[in-house]
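**Student:** Once you've had a glance at the structure underneath, I'll fire off some questions.
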Amino acid sequence: MRSVWVGLLVLVFLGTAGLGWWIGWGRFTAGPPEAVVGAFLRAAQAGNWWTAQAYMTRHMQGRLAREGFAAMRGFLATRLEPFATVEIIQVTPRGDEIDVVVRLMRPAKPDEIGSPPPQPGTHGGGGRIGDGAFVHAHRFQLQQEGQAWRIYQFEEVGAGI
């Protein structure tokens, strides 16, 4: 009878460890940095803040966790203009870091067509209107954390991209 309990205990331990690995690590070990950025953007676009946050470094996760998921929603809302299409345009290794530049696009609103571009420093200030679309670019900076690439910072980049 005692060996049954030991066996059951080992089975529960292994099951819990496997589930923990899948939820906390294995599920979010996307391959190359551009795949991490793509998965992060898809999660952000869907409003899945938990998944989006999982693609950030522990430092960024900790900073946002102290403020709650409302902070994650606000962080992304102020940093990423809404978008419909993502295009990765550049991947640049820099030592132990990698920059991934993406172009985010959405249909232009009627009042934006023909109007001057937003002023620098305002939300969407790095974007431009072209071919009926609002286009803006972001540079995602990634570091390796364990065996996975994680986003530790991103910023809007020039409208010419």
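We name chains A, B, ... following the order of the structure tokens; residues begin at 1 in each chain, and ligands are numbered from 1 as shown.
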Name all residues at most 9 Å from segment 31-38 of chain A (count only C-alpha atoms; drop same-chain ones fewer than 2 positions away) and give them as a list in words.
**Tutor:**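 Using only C-alpha atoms, the neighbours found are Phe28, Thr29, Phe40, Leu41, Arg42, Ala43, Tyr55, Val86, Ile88, Val91, Ile98, Asp99, Val100, Val101, Val102, Phe140, Leu142, Gln143, Ala148, Trp149, Arg150 and Ile151 of chain A.
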**Student:** Point out the residue among A:Gly47, A:Gln144, A:Arg63, A:Asp131 with the least atom-to-atom distance to Asp96 of chain A, counting only C-alpha atoms.
**Tutor:**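 For Asp96 of chain A, the nearest of the candidates is A:Gln144.
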**Student:** If I take atom CA of Gly132 of chain A and atom CA of Glu87 of chain A, how far is one from the other in Å, to one decimal?
**Tutor:** 16.6 Å
**Student:** Report the distance between atom CA of Ala84 of chain A and atom CA of Arg58 of chain A in Å, rounded to one decimal place.
**Tutor:**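 Atom-to-atom, atom CA of Ala84 of chain A to atom CA of Arg58 of chain A, that is 28.0 Å.
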**Student:** Can you work out which one of A:Ser3, A:Gln53, A:Thr92, A:Gln153 has the shortest atom-to-atom distance to Ala71 of chain A, counting only C-alpha atoms?
**Tutor:**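 The answer is A:Gln53, which sits nearest to Ala71 of chain A.
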**Student:** Of the candidates A:Gly74, A:Gly127, A:Pro82, A:Gly62, which shows the shortest atom-to-atom distance to Ala46 of chain A, using only C-alpha atoms?
**Tutor:**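 Of A:Gly74, A:Gly127, A:Pro82, A:Gly62, the one nearest Ala46 of chain A, counting only C-alpha atoms, is A:Pro82.
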**Student:** Could you tell me, as a PyMOL selection string, which residues of segment 56-105 of chain A DSSP assigns to alpha helix (DSSP H) when given the backbone?
**Tutor:** chain A and resi 58-65+69-79
**Student:** Identify which of the residues A:Ile129, A:Ala44, A:Ala52, A:Met60 lies closest to Leu80 of chain A, counting only C-alpha atoms when measuring atom-to-atom distances.
**Tutor:**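 Closest candidate: A:Ala44.
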**Student:** To one decimal in Å, tell me the separation between atom CA of Thr57 of chain A and atom CA of Ala70 of chain A.
**Tutor:** 18.5 Å
